[in-house]
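Quick look at final_23.csv (CSV, C-alpha atoms):
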```
chain,number,residue,atom,x,y,z
N,10,MET,CA,96.5,147.5,76.1
N,11,SER,CA,95.3,144.4,77.8
N,12,LYS,CA,96.4,143.7,81.3
N,13,GLN,CA,98.0,140.3,82.1
N,14,GLN,CA,96.1,138.0,84.5
N,15,LEU,CA,97.9,137.1,87.7
N,16,ILE,CA,97.0,133.8,89.4
N,17,ILE,CA,98.2,132.8,92.9
N,18,GLU,CA,97.5,129.3,94.3
N,19,GLU,CA,97.7,128.3,98.0
N,20,TRP,CA,98.7,124.7,98.8
N,21,ASN,CA,98.9,123.0,102.1
N,22,GLY,CA,100.1,119.6,103.3
N,23,SER,CA,102.5,117.7,105.5
N,24,SER,CA,104.8,116.6,102.7
N,25,SER,CA,105.4,117.0,99.0
N,26,THR,CA,103.3,113.9,98.3
N,27,LYS,CA,100.4,115.0,100.5
N,28,LEU,CA,99.8,118.6,99.1
N,29,PHE,CA,96.3,119.8,98.4
N,30,LYS,CA,95.1,123.1,97.0
N,31,THR,CA,93.3,125.3,99.5
N,32,ALA,CA,92.7,128.5,97.6
N,33,THR,CA,93.1,130.3,94.3
N,34,ILE,CA,93.6,134.1,94.1
N,35,THR,CA,93.0,135.7,90.7
N,36,LEU,CA,93.9,139.3,89.9
N,37,SER,CA,92.3,140.4,86.6
N,38,PRO,CA,91.8,143.3,87.2
N,39,SER,CA,89.8,142.8,90.4
N,40,ILE,CA,90.8,140.3,93.1
N,41,GLN,CA,88.8,137.0,93.2
N,42,ILE,CA,89.4,134.4,95.9
N,43,GLN,CA,88.1,130.9,95.4
N,44,ARG,CA,88.4,128.5,98.3
N,45,SER,CA,89.1,124.8,97.4
N,46,VAL,CA,88.3,123.4,100.8
N,47,ASN,CA,85.8,124.4,103.5
N,48,SER,CA,87.1,125.8,106.8
N,49,PHE,CA,86.0,122.7,108.7
N,50,ASN,CA,88.2,120.4,106.7
N,51,HIS,CA,91.1,122.8,107.0
N,52,VAL,CA,90.7,123.0,110.8
N,53,TRP,CA,90.4,119.2,111.1
N,54,ARG,CA,93.6,118.7,109.0
N,55,ARG,CA,95.5,121.1,111.2
N,56,PHE,CA,94.2,119.4,114.3
N,57,PHE,CA,95.1,116.0,112.9
N,58,ASP,CA,98.6,117.2,112.0
N,59,ALA,CA,99.2,117.9,115.7
N,60,PHE,CA,99.0,114.3,116.6
N,61,VAL,CA,100.6,112.4,113.7
N,62,PRO,CA,104.1,112.6,112.2
N,63,GLU,CA,104.8,114.6,109.0
N,64,GLY,CA,104.3,112.4,106.0
N,65,PHE,CA,102.0,110.0,107.8
N,66,PRO,CA,101.5,107.1,107.0
N,67,ASP,CA,104.5,106.8,104.7
N,68,SER,CA,107.0,108.1,107.3
N,69,VAL,CA,106.3,105.4,109.9
N,70,THR,CA,106.3,101.6,110.0
N,71,PRO,CA,103.1,99.7,109.5
N,72,ASP,CA,102.9,98.7,113.1
N,73,TYR,CA,102.8,102.4,114.3
N,74,VAL,CA,99.1,102.9,114.3
N,75,SER,CA,98.1,99.7,116.0
N,76,PHE,CA,100.7,100.2,118.7
N,77,GLN,CA,99.7,103.9,119.3
N,78,VAL,CA,96.0,103.0,119.6
N,79,TRP,CA,96.7,100.3,122.3
N,80,ASP,CA,99.3,102.5,124.0
N,81,SER,CA,96.9,105.4,124.2
N,82,LEU,CA,94.2,103.1,125.7
N,83,GLN,CA,96.6,101.8,128.3
N,84,GLY,CA,97.7,105.3,129.1
N,85,LEU,CA,94.1,106.4,129.5
N,86,SER,CA,93.4,103.7,132.1
N,87,THR,CA,96.6,104.6,133.9
N,88,TYR,CA,95.6,108.3,134.4
N,89,ILE,CA,92.1,107.3,135.5
N,90,ARG,CA,93.6,105.0,138.2
N,91,THR,CA,96.1,107.7,139.2
N,92,MET,CA,93.3,109.8,140.5
N,93,LEU,CA,92.1,107.0,142.7
N,94,SER,CA,95.5,106.1,144.0
N,95,THR,CA,96.4,109.8,144.6
N,96,GLN,CA,93.2,110.3,146.5
N,97,ALA,CA,94.0,107.4,148.8
N,98,LEU,CA,97.6,108.6,149.3
N,99,LEU,CA,96.6,112.1,150.2
N,100,SER,CA,94.1,110.7,152.7
N,101,ALA,CA,96.8,108.5,154.2
N,102,ILE,CA,99.2,111.4,154.6
N,103,GLY,CA,96.5,113.3,156.5
N,104,VAL,CA,95.1,115.9,154.1
N,105,GLY,CA,91.9,117.2,155.7
N,106,GLU,CA,92.8,115.9,159.1
N,107,LYS,CA,93.3,118.4,161.9
N,108,SER,CA,95.8,116.2,163.6
N,109,ALA,CA,98.1,116.2,160.6
N,110,THR,CA,101.1,118.6,160.5
N,111,ILE,CA,102.7,120.2,157.5
N,112,ILE,CA,106.2,119.2,158.5
N,113,GLY,CA,105.1,115.6,159.0
N,114,ALA,CA,103.4,115.4,155.6
N,115,THR,CA,106.4,117.1,153.9
N,116,PHE,CA,108.9,114.7,155.5
N,117,GLN,CA,106.8,111.6,154.4
N,118,TRP,CA,106.6,113.0,150.8
N,119,PHE,CA,110.3,113.7,150.9
N,120,LEU,CA,111.2,110.1,151.9
N,121,ARG,CA,108.9,108.8,149.2
N,122,ASP,CA,110.5,110.8,146.4
N,123,LEU,CA,114.0,110.2,147.7
N,124,THR,CA,113.5,106.4,147.6
N,125,GLY,CA,112.3,106.7,144.0
N,126,MET,CA,115.3,108.7,143.0
N,127,ILE,CA,117.8,106.3,144.5
N,128,GLY,CA,115.9,103.4,143.0
N,129,GLY,CA,116.0,104.9,139.5
N,130,ILE,CA,119.7,105.4,139.7
N,131,LEU,CA,120.4,101.8,140.9
N,132,PHE,CA,118.1,100.4,138.2
N,133,THR,CA,119.9,102.4,135.5
N,134,LEU,CA,123.2,101.1,136.8
N,135,TYR,CA,122.3,97.4,136.7
N,136,GLN,CA,119.9,97.3,133.7
N,137,GLY,CA,120.5,100.3,131.6
N,138,SER,CA,122.5,98.5,128.9
N,139,ASN,CA,119.8,95.8,128.5
N,140,LEU,CA,116.8,98.1,127.7
N,141,ASP,CA,117.6,98.6,124.0
N,142,SER,CA,117.9,95.0,123.0
N,143,ASN,CA,114.9,93.8,125.1
N,144,ALA,CA,112.5,96.8,124.5
N,145,LYS,CA,109.4,94.7,124.4
N,146,MET,CA,110.1,92.8,127.6
N,147,TRP,CA,111.1,95.9,129.6
N,148,ARG,CA,108.1,97.8,128.2
N,149,LEU,CA,105.8,95.2,129.9
N,150,VAL,CA,107.9,95.2,133.0
N,151,ALA,CA,107.7,99.0,133.3
N,152,ASP,CA,103.9,99.0,133.2
N,153,LEU,CA,103.7,96.1,135.6
N,154,MET,CA,105.9,98.0,138.1
N,155,ASN,CA,103.7,101.1,137.6
N,156,ASP,CA,100.6,99.0,138.4
N,157,LEU,CA,102.4,97.8,141.6
N,158,GLY,CA,103.3,101.4,142.6
N,159,MET,CA,99.7,102.5,142.3
N,160,LEU,CA,98.5,99.5,144.2
N,161,MET,CA,100.8,100.4,147.1
N,162,ASP,CA,99.4,103.9,147.1
N,163,LEU,CA,95.9,102.5,147.3
N,164,LEU,CA,96.9,100.2,150.1
N,165,SER,CA,98.6,102.8,152.2
N,166,PRO,CA,95.5,104.1,154.1
N,167,LEU,CA,94.7,100.5,155.2
N,168,PHE,CA,98.0,100.1,157.1
N,169,PRO,CA,98.9,103.3,158.9
N,170,SER,CA,101.7,101.8,161.0
N,171,ALA,CA,103.5,100.7,157.8
N,172,PHE,CA,102.6,103.8,155.7
N,173,ILE,CA,106.2,104.9,155.1
N,174,PHE,CA,107.3,101.5,154.0
N,175,ILE,CA,104.4,101.0,151.7
N,176,VAL,CA,104.6,104.4,149.9
N,177,CYS,CA,108.4,104.1,149.6
N,178,LEU,CA,107.9,100.6,148.0
N,179,GLY,CA,105.4,102.2,145.6
N,180,SER,CA,107.8,105.0,144.7
N,181,LEU,CA,110.6,102.5,144.1
N,182,SER,CA,108.4,100.6,141.7
N,183,ARG,CA,107.5,103.8,139.8
N,184,SER,CA,111.1,104.7,139.6
N,185,PHE,CA,111.8,101.5,137.6
N,186,THR,CA,108.8,102.5,135.4
N,187,GLY,CA,110.2,105.9,134.7
N,188,VAL,CA,113.6,104.6,133.6
N,189,ALA,CA,112.4,101.6,131.6
N,190,SER,CA,109.5,103.2,129.8
N,191,GLY,CA,111.6,106.3,128.8
N,192,ALA,CA,114.5,104.1,127.5
N,193,THR,CA,112.2,101.7,125.6
N,194,ARG,CA,110.2,104.5,124.2
N,195,ALA,CA,113.4,105.9,122.7
N,196,ALA,CA,114.2,102.5,121.1
N,197,LEU,CA,110.7,102.2,119.7
N,198,THR,CA,110.8,105.7,118.3
N,199,GLN,CA,113.9,104.8,116.4
N,200,HIS,CA,112.1,101.7,115.1
N,201,PHE,CA,109.1,103.7,113.9
N,202,ALA,CA,111.1,106.3,112.1
N,203,LEU,CA,111.5,105.5,108.4
N,204,GLN,CA,112.6,109.0,107.2
N,205,ASN,CA,115.0,110.1,109.9
N,206,ASN,CA,112.0,111.7,111.7
N,207,ALA,CA,112.5,110.3,115.2
N,208,ALA,CA,112.2,113.8,116.8
N,209,ASP,CA,108.9,114.4,115.0
N,210,ILE,CA,107.5,111.1,116.1
N,211,SER,CA,108.6,111.7,119.6
N,212,ALA,CA,106.9,115.1,119.7
N,213,LYS,CA,103.7,113.8,118.2
N,214,GLU,CA,103.7,111.0,120.7
N,215,GLY,CA,103.9,113.6,123.4
N,216,SER,CA,100.8,115.3,122.0
N,217,GLN,CA,98.9,112.0,122.0
N,218,GLU,CA,100.0,111.3,125.6
N,219,THR,CA,99.0,114.8,126.7
N,220,MET,CA,95.5,114.3,125.2
N,221,ALA,CA,95.2,110.9,126.8
N,222,THR,CA,96.3,112.5,130.1
N,223,MET,CA,93.7,115.3,130.0
N,224,ILE,CA,90.9,112.8,129.2
N,225,GLY,CA,92.1,110.3,131.8
N,226,MET,CA,92.3,113.0,134.5
N,227,ALA,CA,88.8,114.2,133.7
N,228,LEU,CA,87.4,110.7,133.8
N,229,GLY,CA,89.4,109.9,136.9
N,230,MET,CA,88.1,112.9,138.8
N,231,LEU,CA,84.5,111.9,137.9
N,232,LEU,CA,85.2,108.3,139.0
N,233,ALA,CA,86.8,109.5,142.2
N,234,GLN,CA,83.8,111.7,142.9
N,235,ILE,CA,81.3,108.8,142.3
N,236,THR,CA,83.2,106.3,144.4
N,237,THR,CA,84.0,108.6,147.3
N,238,GLU,CA,83.4,106.8,150.7
N,239,ASN,CA,82.7,103.5,148.9
N,240,PRO,CA,85.8,101.3,149.2
N,241,LEU,CA,84.2,98.4,147.4
N,242,ALA,CA,83.5,100.6,144.3
N,243,ILE,CA,87.0,102.0,144.4
N,244,TRP,CA,88.7,98.6,144.5
N,245,PHE,CA,86.4,97.2,141.9
N,246,SER,CA,87.1,100.1,139.6
N,247,PHE,CA,90.9,100.0,140.2
N,248,LEU,CA,91.2,96.3,139.7
N,249,SER,CA,89.0,96.3,136.5
N,250,LEU,CA,91.1,99.2,135.0
N,251,THR,CA,94.3,97.4,136.0
N,252,MET,CA,93.3,94.2,134.2
N,253,PHE,CA,92.4,96.3,131.1
N,254,HIS,CA,95.7,98.1,131.4
N,255,MET,CA,97.7,94.9,131.4
N,256,TYR,CA,95.7,93.5,128.4
N,257,ALA,CA,96.2,96.8,126.4
N,258,ASN,CA,99.9,96.6,127.1
N,259,TYR,CA,100.1,93.0,125.9
N,260,LYS,CA,98.3,93.9,122.7
N,261,ALA,CA,100.5,96.9,122.1
N,262,VAL,CA,103.7,94.9,122.5
N,263,ARG,CA,102.3,92.1,120.3
N,264,CYS,CA,101.7,94.7,117.5
N,265,LEU,CA,105.4,95.5,117.3
N,266,ALA,CA,107.5,94.0,114.5
N,267,LEU,CA,111.0,94.9,115.6
N,268,VAL,CA,113.7,94.3,113.0
N,269,SER,CA,116.8,94.5,115.2
N,270,LEU,CA,118.7,91.5,116.5
N,271,ASN,CA,119.0,90.7,120.1
N,272,PHE,CA,120.2,87.5,121.9
N,273,GLU,CA,116.8,85.8,121.7
N,274,ARG,CA,116.1,86.6,118.1
N,275,SER,CA,119.6,85.6,117.1
N,276,SER,CA,119.1,82.2,118.8
N,277,ILE,CA,115.8,81.7,116.9
N,278,LEU,CA,117.5,82.4,113.6
N,279,LEU,CA,120.5,80.2,114.4
N,280,GLN,CA,118.3,77.3,115.6
N,281,HIS,CA,116.1,77.4,112.5
N,282,PHE,CA,119.3,77.4,110.3
N,283,ILE,CA,120.7,74.4,112.2
N,284,GLU,CA,117.5,72.4,112.0
N,285,SER,CA,116.5,73.2,108.4
N,286,GLY,CA,119.7,74.3,106.7
N,287,GLN,CA,117.9,77.4,105.5
N,288,GLY,CA,117.8,81.0,106.8
N,289,LEU,CA,114.7,82.9,107.7
N,290,ASN,CA,113.8,86.0,105.6
N,291,TYR,CA,115.0,88.6,108.1
N,292,GLY,CA,112.6,91.4,107.1
N,293,ALA,CA,109.5,89.3,106.6
N,294,CYS,CA,109.8,87.0,109.5
N,295,PHE,CA,110.5,89.3,112.4
N,296,ALA,CA,106.9,90.3,112.8
N,297,ARG,CA,106.3,86.6,113.6
N,298,LEU,CA,109.1,86.1,116.1
N,299,ASP,CA,108.8,86.2,119.8
N,300,HIS,CA,111.4,85.4,122.5
N,301,SER,CA,110.8,81.6,122.3
N,302,LYS,CA,109.6,80.4,119.0
N,303,VAL,CA,108.5,81.2,115.4
N,304,ILE,CA,104.9,82.1,115.6
N,305,LYS,CA,104.1,81.4,112.0
N,306,ASP,CA,106.1,80.0,109.1
N,307,CYS,CA,107.4,82.6,106.6
```
Structure translated into structure tokens:
Amino acid sequence: MSKQQLIIEEWNGSSSTKLFKTATITLSPSIQIQRSVNSFNHVWRRFFDAFVPEGFPDSVTPDYVSFQVWDSLQGLSTYIRTMLSTQALLSAIGVGEKSATIIGATFQWFLRDLTGMIGGILFTLYQGSNLDSNAKMWRLVADLMNDLGMLMDLLSPLFPSAFIFIVCLGSLSRSFTGVASGATRAALTQHFALQNNAADISAKEGSQETMATMIGMALGMLLAQITTENPLAIWFSFLSLTMFHMYANYKAVRCLALVSLNFERSSILLQHFIESGQGLNYGACFARLDHSKVIKDC
């Protein structure tokens, strides 16, 4: 009596449309295993899946990739500069100085954090309802305030008599950044999600930011080590990275093609209808609208 052949196939993929065969197991009568992909490709796919949403690229909008590239670059520059500003702040507080006291440094740090917390609450009170409809504008404002906060930290050692005021001003600026960037990120995540996968997009964005943070911190530590005791090199590095940070943020925002109406976009559509008697194609034209004009005819 002949034995029946048993075949088991192993498939892998992020969605039903992205499946690929990884192995075939044949039992007739001995077990034979045939690998369809090499181990390197399998590891690379698993690593790639940790940073992109499931079903990518069909599960996100076309502007997702370009925005994330520029966003990661601006984040990288931020973490590099953070090492420089933190080094200056710790020096101003008195780390490494024999005359510095623990209670004095703790009190200064407490005032700095307290100012930021109060500022975040007040900013949310007065501007929280505007962050959704003006996500692009507040995204730029958030990063500009973050730049100002790091600049205050870098300036703090130069003005010892005004140290508390300067670091509290920097903390206040960063508190605006925390509220605005978090709220606008939520709005942009909803924009990117095409398959009700906002949570997955948010999680993968967190992985991307973590990777950028680790690379930025490593580069920042190296840069801080190189520029130690050289104020000119520190300021040149900081200002150069700040200019790149602002440029990368501008490019990231310009990549976005939001399809939600706010006051400015409604005004553009209404003005075009009054002048021409024709409506703009809502879906096709929003990639070419900014807050003041139609960038390109539809």
Coordinates-based distance that separates atom CA of N:Phe60 from atom CA of N:Asp72 (Å, one decimal):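 Those two atoms sit 16.5 Å apart.
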Selection near N:Ser211, 9 Å with only C-alpha atoms, sequence-local residues under 3 positions removed, as JSON, numbers by chain: {"N": [62, 194, 195, 198, 206, 207, 208, 214, 215, 216]}
Near-N:Leu157 list (10 Å; only C-alpha atoms; drop same-chain fewer than 6 positions) as an NGL selection string: :N and (151 or 163 or 178-183 or 251)
With a cut-off of 12 Å, could you pull out the residues of stretch 63-127 of chain N touching stretch 138-150 of chain N and give me the nearest pair of atoms for each, distance in Å to one decimal, using only C-alpha atoms, ordered by chain and ascending number, as a tab-separated table?
```
residue	atom	partner	partner_atom	distance
N:Phe76	CA	N:Lys145	CA	11.8
N:Asp80	CA	N:Arg148	CA	10.8
N:Gln83	CA	N:Leu149	CA	11.4
```
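Closest approach to N:Met126 among N:Cys177, N:Leu228, N:Ile16, N:Leu203: N:Cys177, based on all atoms listed in the file.
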Residue nearest N:Ile102 - candidates N:Ile175, N:Leu153, N:Leu36, N:Val268, atoms counted: all atoms listed in the file: N:Ile175
